[in-house]
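Worksheet: one structure, shown below.
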Amino acid sequence: MKKVIIEGLSYKYPLSSRLALEDISLTIEKGEFIGIVGKNLSGKTTLCQALVGLVPHFYHGGFRGKVEVAGMNTMNYSIAQLAEKIGLVFQNPFNQISGSKLTVYEEVAFGLENLGISRPEMIERTENVLKLLDIYHLKDRNPFEISGGQMQRLAIASIVALKPEVIILDEPTSQLDPQGTNEVFRAVNQLKEQGITIIMVEHKVEKLAAYADKIILMSEGKIVDYDRPSNIFARSDLKKLGVKTPIFIQALQSLGLDKKYPGGLPVTLEDTYKLVVKEYGNDQN
Amino acid sequence: MEMIKIKNLTFSYQGQTPVLKDISLSFGNSPTAIIGQNGAGKTTLVKLLKGLLKPTSGDILIQGRNTKEYSAATLSRNIGLIFQNPNDQIFKNRVLDEVMFGPLNLKYSIKEARKKSLEALKLVQMEDKIDCNPYDLSLAERKLISIASILSMEPEIVIFDEPTIAQDYHGIELIKELIKKLSKEGKLVITITHDMDFVTEAFSRAIILRDGSVILDGTIREVFSKPDLLRKSFLEQPHITQLGEKLNLAQTILSLEEFIQYFTTVS
Amino acid sequence: MKSISLYVDLDSPLHRLDPLTKISYTLVFMLIPFLIPLKSITLICLGLTLSLLWLGRVIKHIVPIISFSLFLLFTIFLIQGLFHPANEKVAFSILGLTFYQEGLEYALGLSLRFINLLCCTSIIILATKPSDLIQSLVRRGLSPRFGYVMSSVLQIIPQMSNTTQVILDAQKSRGMETEGNLFVRAKAYIPLLAPLVMSSLVSANDRSLALEVRAFNAQRKRTFLSEEKVTFTALIFRFLIFFSFISSIVWRLKQ
């Protein structure tokens with residue numbers, strides 16, 4: 001079942017002269033984990049904003065094409081209506097806290113209050129989501145007084161509480177330390193296991209490659225490629241496009257193994273290890 | 001002369017538990033990375049080096065000058081700090097003016113300040129943007145402007161606070177080149193970072209801070225060959241090192257080149 | 001600093017009373033001494049308010065508020081005692097200045113009403129949680145957007161002071177002196193303003209995007225996590241307040 005269908009999407013911000021997105025077309029199936037990579041200003045954030053309706057409803061500007069999420073055409077629904085189907089988590093954990101609530105618990109319930117969810121259901125969803133994101137022990141704390149990783153998990157929890165079918169995360173770990181980063185990836189993976197479709201923009205390609213089913217490679221507002229990680233990250237033009245090749249692939253390429261396995265190289269630590277062992281035998285000492 | 005000498009430094013905010021406990025360190029010219037989880041005291045240490053905070057006890061000598069005796073503004077002649085968020089310092093509406101702010105504060109003539117600023121902008125490859133309004137540039141470009149505005153003051157010691165956040169591949173490569181160039185000129189480069197790949201690719205010394213104390217201080221090779229200690233400090237090894245560890249290789253691999261070298265000599 | 005307010009976080013019968021009842025009390029009992037300008041009435045209102053504040057265990061927090069106004073009250077006594085138009089009977093003389101009875105009595109009336117005003121508003125300021133108050137208003141028709149602006153301001157402004165410190169550090173690091181004479185210190189503010197405004201605007205923009213995707217602008221009826229418990233006692237209390245208000249108006253009209 002297709003959760004996201006984009007056809008011929010082009011978009012230009014109001015005061016800009018160039019197209020931020022040019023002729024984008026793609027589909028995403030339910031339950032997939034899609035990564036988006038590309039250099040800065042390649043259109044990744046704009047694409048995320050187009051999926052939740054911020055483009056065009058918040059920014060206005062020139063919009064062409066069709067974006068359909070969980071069966072809803074974003075042109076015909078408000079951002080608030082789309083919020084029940086698709087959610088977006090931003091880069092800066094701090095600026096996602098509403099500021100109007102004094103506890104983590106209330107902060108999560110904020111979106112549910114906006115949607116007019118009944119109080120018993122509000123409580124049930126809030127409790128579940130706090131436990132899912134492992135921040136239940138923080139429920140009475142002030143949202144501004146928790147760590148960056150915890151704040152980002154709070155932001156994710158606030159979105160998951162709305163029960164969207166698709167969740168987009170735009171560089172969610174860029175401001176976090178390694179521990180916070182791992183916490184977020186672990187939380188997102190759990191969401192995937194619950195059947196939620198995940199779209200994530202990331203620069204940490206090694207981590208992304210380990211979790212993603214497919215990768216969208218963007219450059220200058222266009223989609224350059226949309227394929228499995230092993231194919232995308234084996235491309236020779238990644239450096240030119242401003243994307244880092246995962247170090248594992250670099251290692252295997254340097255050993256000449258890309259020629260031996262043209263069908264695609266492993267992208268994770270585990271799989272790379274297995275391949276090297278297979279090629280070079282076991283006695284590395 | 002030692003660039004920086006820290007003697008028995010202890011620091012706590014008013015009446016609270018010490019953030020830094022009895023730290024003693026010396027710095028020469030080797031580019032050094034200070035790593036550790038959030039809350040370990042890295043930012044506090046760097047603020048103390050800059051003179052923005054004064055030690056509760058102990059001393060910090062920046063090129064022989066004790067930070068207790070000078071204001072942060074005066075110390076900026078010797079030691080520069082590039083803050084994480086460029087939006088926290090940019091206030092001029094022309095890039096060149098922004099970069100000239102620092103040298104003008106150091107009482108250079110307008111002509112000299114301009115010359116130093118142009119050189120600094122050339123180092124970050126932003127020389128074609130001198131008349132632009134900084135707010136019209138992207139976040140990554142503004143980050144480079146903030147780097148230039150410190151380099152134009154020509155300090156002997158340059159500290160980067162999380163330089164790789166929000167930078168793409170190209171931006172990170174630029175910063176790595178910059179660090180190499182500065183080190184070659186004899187300047188001391190220090191960074192706070194979470195990016196372990198960045199650390200091994202651009203620095204020769206690493207200091208791990210945990211709960212306000214120095215857990216480990218040594219060469220990159222020494223520090224990253226201790227996965228257990230790193231894990232206890234909530235840090236990871238660089239990815240290529242993790243691969244080397246998993247394969248049980250005879251030596252700690254710190255870079256792709258070492259990996260290739262190992263395999264070409266062994267097989 | 002978590003949020004800017006003078007609210008004293010306790011559990012007391014006064015705290016547990018719902019915000020609307022407290023607002024009605026404050027408004028009515030601030031007005032009654034003006035509707036019925038008898039000092040006896042003002043003293044009764046003041047006594048009632050002080051008892052409520054005592055019940056709410058916040059009465060000691062009134063002291064700084066009242067002390068601040070002592071100077072103002074003193075000048076009222078001074079001016080009215082000396083220069084009130086209806087001054088005739090002499091009260092006393094000090095240092096060659098003559099104070100008259102009518103003026104002093106008038107000043108007393110004014111001061112009592114003023115202190116009553118402070119105490120009534122303290123019931124809101126000291127014993128009502130700002131978020132409960134705002135929510136109470138939103139439930140009854142205040143625009144949720146306006147309610148959000150009011151409640152977020154209390155927390156976001158202290159956060160801005162953190163940002164100001166960071167900006168100050170950044171500019172000091174570039175050689176800007178902040179210590180010295182007044183001129184030097186005043187000059188130091190200029191490089192603070194633009195980054196502060198910019199970062200506030202950027203945060204505000206980011207925050208409005210985050211609010212949008214949490215359905216802030218949904219066209220539906222809002223629900224609330226907390227329940228507003230209006231007890232039977234509160235209802236009786238509201239009735240009494242209403243009764244007092246009507247009686248005062250009737251008395252006034254009869255004059």
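Letters for chains follow the order of the structure tokens (A, B, ...), residue numbers begin at 1 for each chain, and ligand numbers begin at 1 in the order shown.
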Quick one: contact table of chain C to chain A, 8 Å max, nearest atom pair and distance in Å to one decimal per residue, counting only C-alpha atoms, chain and number order, as a tab-separated table?
residue	atom	partner	partner_atom	distance
C:Lys2	CA	A:Asn142	CA	7.9
C:Ser131	CA	A:Lys101	CA	7.7
C:Tyr148	CA	A:Ser100	CA	6.2
C:Val149	CA	A:Ser100	CA	7.9
C:Ser151	CA	A:Ser100	CA	4.8
C:Ser152	CA	A:Ser100	CA	4.0
C:Val153	CA	A:Gly99	CA	7.6
C:Leu154	CA	A:Ser100	CA	7.9
C:Gln155	CA	A:Gly99	CA	5.8
C:Ile156	CA	A:Gly99	CA	6.1
C:Ser203	CA	A:Asn95	CA	5.7
C:Ala204	CA	A:Asn95	CA	7.8
C:Asp206	CA	A:Asn95	CA	5.9
C:Arg207	CA	A:Asn95	CA	5.2
C:Leu209	CA	A:Leu54	CA	7.7
C:Ala210	CA	A:Gln96	CA	5.4
C:Leu211	CA	A:Ser98	CA	7.0
C:Glu212	CA	A:Ile79	CA	6.5
C:Val213	CA	A:Ala83	CA	5.6
C:Arg214	CA	A:Gly111	CA	4.9
C:Ala215	CA	A:Ala80	CA	3.9
C:Phe216	CA	A:Asn114	CA	5.6
C:Asn217	CA	A:Ala80	CA	6.0
C:Ala218	CA	A:Ala80	CA	5.0
C:Arg220	CA	A:Gly116	CA	6.4
C:Lys221	CA	A:Gly116	CA	5.7
C:Arg222	CA	A:Gly116	CA	4.4
C:Thr223	CA	A:Gly116	CA	4.7
C:Phe224	CA	A:Glu113	CA	5.5
C:Leu225	CA	A:Arg119	CA	6.0
Write the residues of the preceding selection, restricted to C-alpha atoms, as a PDB file, in the first residue's frame.
ATOM      1  CA  LYS C   2      11.887  28.336  34.885  1.00  0.00           C
ATOM      2  CA  SER C 131      -1.376  28.239  33.096  1.00  0.00           C
ATOM      3  CA  TYR C 148      -0.723  30.332  23.913  1.00  0.00           C
ATOM      4  CA  VAL C 149       1.116  33.629  23.494  1.00  0.00           C
ATOM      5  CA  SER C 151       1.508  31.211  28.546  1.00  0.00           C
ATOM      6  CA  SER C 152       4.575  30.752  26.378  1.00  0.00           C
ATOM      7  CA  VAL C 153       5.883  34.240  27.111  1.00  0.00           C
ATOM      8  CA  LEU C 154       6.346  33.288  30.756  1.00  0.00           C
ATOM      9  CA  GLN C 155       8.853  30.580  29.881  1.00  0.00           C
ATOM     10  CA  ILE C 156      10.413  31.824  26.702  1.00  0.00           C
ATOM     11  CA  SER C 203      13.367  30.484  17.207  1.00  0.00           C
ATOM     12  CA  ALA C 204       9.929  31.974  16.771  1.00  0.00           C
ATOM     13  CA  ASP C 206      11.008  27.313  14.011  1.00  0.00           C
ATOM     14  CA  ARG C 207       8.539  27.169  16.849  1.00  0.00           C
ATOM     15  CA  LEU C 209       6.487  25.443  12.206  1.00  0.00           C
ATOM     16  CA  ALA C 210       6.574  22.959  15.085  1.00  0.00           C
ATOM     17  CA  LEU C 211       3.228  24.240  16.353  1.00  0.00           C
ATOM     18  CA  GLU C 212       1.662  23.919  12.905  1.00  0.00           C
ATOM     19  CA  VAL C 213       2.554  20.260  12.614  1.00  0.00           C
ATOM     20  CA  ARG C 214       1.049  19.675  16.049  1.00  0.00           C
ATOM     21  CA  ALA C 215      -2.288  20.863  14.716  1.00  0.00           C
ATOM     22  CA  PHE C 216      -2.203  24.190  16.532  1.00  0.00           C
ATOM     23  CA  ASN C 217      -4.477  25.748  13.945  1.00  0.00           C
ATOM     24  CA  ALA C 218      -7.014  22.933  13.914  1.00  0.00           C
ATOM     25  CA  ARG C 220     -11.935  21.867  16.014  1.00  0.00           C
ATOM     26  CA  LYS C 221     -13.154  22.382  19.538  1.00  0.00           C
ATOM     27  CA  ARG C 222     -10.231  22.020  21.877  1.00  0.00           C
ATOM     28  CA  THR C 223     -10.122  19.609  24.798  1.00  0.00           C
ATOM     29  CA  PHE C 224      -8.070  19.962  27.938  1.00  0.00           C
ATOM     30  CA  LEU C 225      -5.782  17.584  29.787  1.00  0.00           C
TER      31      LEU C 225
END
Exercise for review: Would you give me, as a PyMOL selection string, the residues of chain A that come within 9 Å of chain B, using only C-alpha atoms?
Suggested key: chain A and resi 38-41+147-148+171+174-179+203+206+239-240+242-244+246-248+250-251+254-255+269-270+272-273+276-277+280+282-285
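Between Lys115 of chain B and the candidates B:Tyr135, B:Ser152, B:Ile253, B:Tyr70, the tightest atom-to-atom separation, counting only C-alpha atoms, involves B:Ser152.
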Contacts of Ile246 of chain C at 10 Å (only C-alpha atoms; same-chain gap of 5+ positions) as a PDB file with N, CA and C atoms, in the first residue's frame:
ATOM      1  N   VAL C  28     -14.878  41.841  41.830  1.00  0.00           N
ATOM      2  CA  VAL C  28     -15.976  42.374  42.632  1.00  0.00           C
ATOM      3  C   VAL C  28     -15.461  43.079  43.880  1.00  0.00           C
ATOM      4  N   ILE C  32     -16.157  46.983  45.033  1.00  0.00           N
ATOM      5  CA  ILE C  32     -17.087  47.328  46.120  1.00  0.00           C
ATOM      6  C   ILE C  32     -16.646  48.565  46.905  1.00  0.00           C
ATOM      7  N   LEU C 240     -22.290  34.044  46.617  1.00  0.00           N
ATOM      8  CA  LEU C 240     -22.100  35.111  47.601  1.00  0.00           C
ATOM      9  C   LEU C 240     -21.430  36.325  46.971  1.00  0.00           C
ATOM     10  N   ILE C 241     -20.464  36.057  46.115  1.00  0.00           N
ATOM     11  CA  ILE C 241     -19.767  37.160  45.451  1.00  0.00           C
ATOM     12  C   ILE C 241     -20.774  37.954  44.608  1.00  0.00           C
ATOM     13  N   TRP C 251     -27.193  49.584  46.574  1.00  0.00           N
ATOM     14  CA  TRP C 251     -26.887  50.621  47.568  1.00  0.00           C
ATOM     15  C   TRP C 251     -26.454  51.904  46.862  1.00  0.00           C
ATOM     16  N   ARG C 252     -25.603  51.749  45.853  1.00  0.00           N
ATOM     17  CA  ARG C 252     -25.078  52.897  45.131  1.00  0.00           C
ATOM     18  C   ARG C 252     -26.185  53.660  44.422  1.00  0.00           C
TER      19      ARG C 252
END
Review point. Near Lys207 of chain A, counting only C-alpha atoms, which residues have an atom at most 12 Å away, once you skip same-chain residues fewer than 4 positions from it, shown as a PyMOL selection string?
Key: (chain A and resi 35+173+178+181-182+184-186+189+200-203+211-212+229+245-248+267-269) or (chain B and resi 239)
Review point. Near Phe83 of chain B, within 12 Å and counting only C-alpha atoms, which residues show up once chain neighbours fewer than 5 positions away are dropped, as JSON, numbers by chain?
Key: {"B": [43, 46, 47, 50, 88, 89, 90, 142, 143, 144, 145, 146, 147, 148, 149, 150, 158, 159, 160, 161, 162, 163, 164, 165, 191, 192], "C": [166, 167, 168, 169, 170, 171, 172, 173, 174]}
Would you write out those residues with C-alpha atoms, as a JSON list (two decimals), in the first residue's frame?
[["chain", "number", "residue", "atom", "x", "y", "z"],
["B", 43, "THR", "CA", 32.22, 23.85, 27.10],
["B", 46, "VAL", "CA", 36.79, 26.17, 26.90],
["B", 47, "LYS", "CA", 35.06, 29.20, 28.43],
["B", 50, "LYS", "CA", 38.88, 32.13, 26.96],
["B", 88, "ASP", "CA", 24.79, 34.27, 18.23],
["B", 89, "GLN", "CA", 27.41, 36.71, 17.04],
["B", 90, "ILE", "CA", 26.62, 38.09, 13.59],
["B", 142, "ARG", "CA", 27.45, 31.91, 8.08],
["B", 143, "LYS", "CA", 29.42, 29.37, 10.06],
["B", 144, "LEU", "CA", 32.37, 29.97, 7.74],
["B", 145, "ILE", "CA", 31.97, 33.74, 8.21],
["B", 146, "SER", "CA", 32.09, 33.30, 11.96],
["B", 147, "ILE", "CA", 35.31, 31.30, 11.55],
["B", 148, "ALA", "CA", 36.78, 34.07, 9.40],
["B", 149, "SER", "CA", 35.83, 36.71, 11.95],
["B", 150, "ILE", "CA", 37.99, 34.98, 14.54],
["B", 158, "VAL", "CA", 42.05, 28.79, 17.86],
["B", 159, "ILE", "CA", 39.22, 26.83, 19.49],
["B", 160, "PHE", "CA", 36.34, 25.37, 17.47],
["B", 161, "ASP", "CA", 33.11, 24.53, 19.28],
["B", 162, "GLU", "CA", 31.35, 21.72, 17.39],
["B", 163, "PRO", "CA", 32.45, 22.84, 13.91],
["B", 164, "THR", "CA", 30.89, 19.95, 12.03],
["B", 165, "ILE", "CA", 27.28, 20.31, 13.15],
["B", 191, "THR", "CA", 38.16, 21.50, 19.11],
["B", 192, "ILE", "CA", 35.15, 20.25, 21.03],
["C", 166, "VAL", "CA", 25.79, 33.45, 25.01],
["C", 167, "ILE", "CA", 25.74, 36.42, 22.66],
["C", 168, "LEU", "CA", 27.52, 38.56, 25.22],
["C", 169, "ASP", "CA", 30.22, 35.89, 25.57],
["C", 170, "ALA", "CA", 30.59, 35.67, 21.79],
["C", 171, "GLN", "CA", 31.14, 39.39, 21.40],
["C", 172, "LYS", "CA", 33.51, 39.55, 24.37],
["C", 173, "SER", "CA", 35.49, 36.83, 22.69],
["C", 174, "ARG", "CA", 35.94, 39.11, 19.72]]
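Candidate residues B:Ser30, B:Gln84, B:Thr17, B:Thr74 were compared for distance to chain C, and the nearest is B:Thr74, using only C-alpha atoms.
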Point to revise | Tyr100 of chain C environment, 8 Å, only C-alpha atoms, sequence neighbours closer than 6 positions dropped, as a list in words | key: Gly81, Leu82, Asn87, Glu88, Lys89, Val90, Ala91 and Phe92 of chain C
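Nearest residue to Phe68 of chain C among C:Ala234, C:Ile124, C:Ile94, C:Ile115 is C:Ile115, counting only C-alpha atoms.
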Residues within 8 Å of segment 17-28 of chain A, please, as a CSV table (one decimal) with C-alpha atoms, in the first residue's frame. Count only C-alpha atoms; anything in the same chain fewer than 3 positions from it doesn't count.
chain,number,residue,atom,x,y,z
A,2,LYS,CA,1.5,3.3,-1.0
A,3,LYS,CA,1.7,5.8,1.8
A,4,VAL,CA,3.3,8.6,-0.2
A,5,ILE,CA,2.8,9.4,-3.8
A,6,ILE,CA,4.5,12.5,-5.3
A,7,GLU,CA,3.9,13.4,-9.0
A,8,GLY,CA,5.8,16.1,-10.8
A,9,LEU,CA,6.3,18.3,-7.7
A,10,SER,CA,8.0,21.6,-8.4
A,11,TYR,CA,8.2,24.4,-5.9
A,12,LYS,CA,9.7,27.9,-5.5
A,13,TYR,CA,9.8,29.9,-2.2
A,32,GLU,CA,9.4,1.5,4.7
A,34,ILE,CA,13.5,5.9,3.6
A,42,SER,CA,19.7,20.4,-2.2
A,43,GLY,CA,16.0,20.5,-1.4
A,46,THR,CA,11.8,21.6,1.3
A,47,LEU,CA,10.7,18.1,0.4
A,65,GLY,CA,2.3,18.9,-9.1
A,220,GLU,CA,19.9,21.0,-6.7
A,221,GLY,CA,16.2,20.3,-6.0
A,222,LYS,CA,16.1,17.2,-8.1
A,223,ILE,CA,16.1,13.5,-7.3
Exercise for review: Determine which residues of chain B sit within 9 Å of chain C, taking into account only C-alpha atoms, and present them as a ChimeraX atom specification.
Suggested key: /B:47,50-52,71-77,79-83,87-92,101-106,149-150,153
Now that the selection is made, can you save its residues with N, CA and C atoms as a compact mmCIF listing (two decimals), in the first residue's frame?
# COMPACT_ATOMS: atom_id res chain seq x y z
N LYS B 47 35.39 27.84 27.98
CA LYS B 47 35.06 29.20 28.43
C LYS B 47 36.10 29.70 29.42
N LYS B 50 39.11 30.84 27.60
CA LYS B 50 38.88 32.13 26.96
C LYS B 50 38.80 33.27 27.96
N GLY B 51 38.75 32.95 29.23
CA GLY B 51 38.64 34.02 30.22
C GLY B 51 37.21 34.50 30.43
N LEU B 52 36.25 33.82 29.82
CA LEU B 52 34.86 34.21 30.02
C LEU B 52 34.40 33.81 31.41
N SER B 71 40.82 40.47 31.09
CA SER B 71 39.44 40.29 30.66
C SER B 71 39.44 39.42 29.41
N ALA B 72 38.28 38.84 29.14
CA ALA B 72 38.16 37.97 27.95
C ALA B 72 38.49 38.74 26.69
N ALA B 73 38.10 40.02 26.68
CA ALA B 73 38.36 40.83 25.49
C ALA B 73 39.85 40.99 25.24
N THR B 74 40.62 41.19 26.31
CA THR B 74 42.07 41.35 26.14
C THR B 74 42.72 40.04 25.71
N LEU B 75 42.24 38.93 26.27
CA LEU B 75 42.82 37.63 25.93
C LEU B 75 42.51 37.24 24.49
N SER B 76 41.51 37.89 23.88
CA SER B 76 41.13 37.49 22.53
C SER B 76 42.23 37.76 21.52
N ARG B 77 43.22 38.51 21.93
CA ARG B 77 44.37 38.72 21.06
C ARG B 77 45.16 37.42 20.89
N ILE B 79 43.88 34.17 22.02
CA ILE B 79 43.10 32.94 21.91
C ILE B 79 41.71 33.26 21.36
N GLY B 80 41.33 32.57 20.31
CA GLY B 80 40.04 32.82 19.67
C GLY B 80 39.11 31.64 19.84
N LEU B 81 37.82 31.92 19.99
CA LEU B 81 36.85 30.83 20.14
C LEU B 81 35.75 31.01 19.12
N ILE B 82 35.53 30.00 18.31
CA ILE B 82 34.48 30.06 17.31
C ILE B 82 33.26 29.36 17.87
N PHE B 83 32.23 30.13 18.16
CA PHE B 83 31.05 29.59 18.81
C PHE B 83 30.26 28.69 17.88
N ASN B 87 24.61 32.53 14.47
CA ASN B 87 23.57 33.52 14.71
C ASN B 87 23.76 34.24 16.03
N ASP B 88 24.56 33.64 16.93
CA ASP B 88 24.79 34.27 18.23
C ASP B 88 25.81 35.37 18.19
N GLN B 89 26.45 35.60 17.04
CA GLN B 89 27.41 36.71 17.04
C GLN B 89 27.26 37.67 15.87
N ILE B 90 26.67 37.23 14.77
CA ILE B 90 26.62 38.09 13.59
C ILE B 90 25.67 39.26 13.82
N PHE B 91 26.15 40.50 13.63
CA PHE B 91 25.25 41.64 13.79
C PHE B 91 25.46 42.73 12.75
N LYS B 92 26.46 42.56 11.90
CA LYS B 92 26.63 43.58 10.86
C LYS B 92 25.88 43.14 9.62
N PHE B 101 35.14 43.43 12.56
CA PHE B 101 34.78 43.82 13.95
C PHE B 101 35.86 43.42 14.94
N GLY B 102 36.34 42.18 14.83
CA GLY B 102 37.35 41.68 15.76
C GLY B 102 38.64 42.48 15.71
N PRO B 103 39.31 42.54 14.53
CA PRO B 103 40.58 43.29 14.46
C PRO B 103 40.41 44.76 14.86
N LEU B 104 39.25 45.37 14.55
CA LEU B 104 39.07 46.76 14.95
C LEU B 104 39.02 46.88 16.47
N ASN B 105 38.42 45.88 17.12
CA ASN B 105 38.40 45.89 18.59
C ASN B 105 39.80 45.79 19.16
N LEU B 106 40.71 45.13 18.38
CA LEU B 106 42.09 44.99 18.84
C LEU B 106 42.91 46.22 18.48
N SER B 149 35.78 35.53 11.08
CA SER B 149 35.83 36.71 11.95
C SER B 149 36.72 36.49 13.17
N ILE B 150 37.01 35.25 13.48
CA ILE B 150 37.99 34.98 14.54
C ILE B 150 39.40 34.93 13.95
N MET B 153 41.48 38.00 13.56
CA MET B 153 42.15 38.57 14.73
C MET B 153 43.52 37.93 14.94
Check your understanding: Hey, what does DSSP flag as strand (DSSP E or B) within segment 20-237 of chain C? Can you give it to me as a PyMOL selection string?
Key -> chain C and resi 90-94+97-100
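Atom CA of Leu217 of chain A is positioned 16.8 Å from atom CA of Ala50 of chain A.
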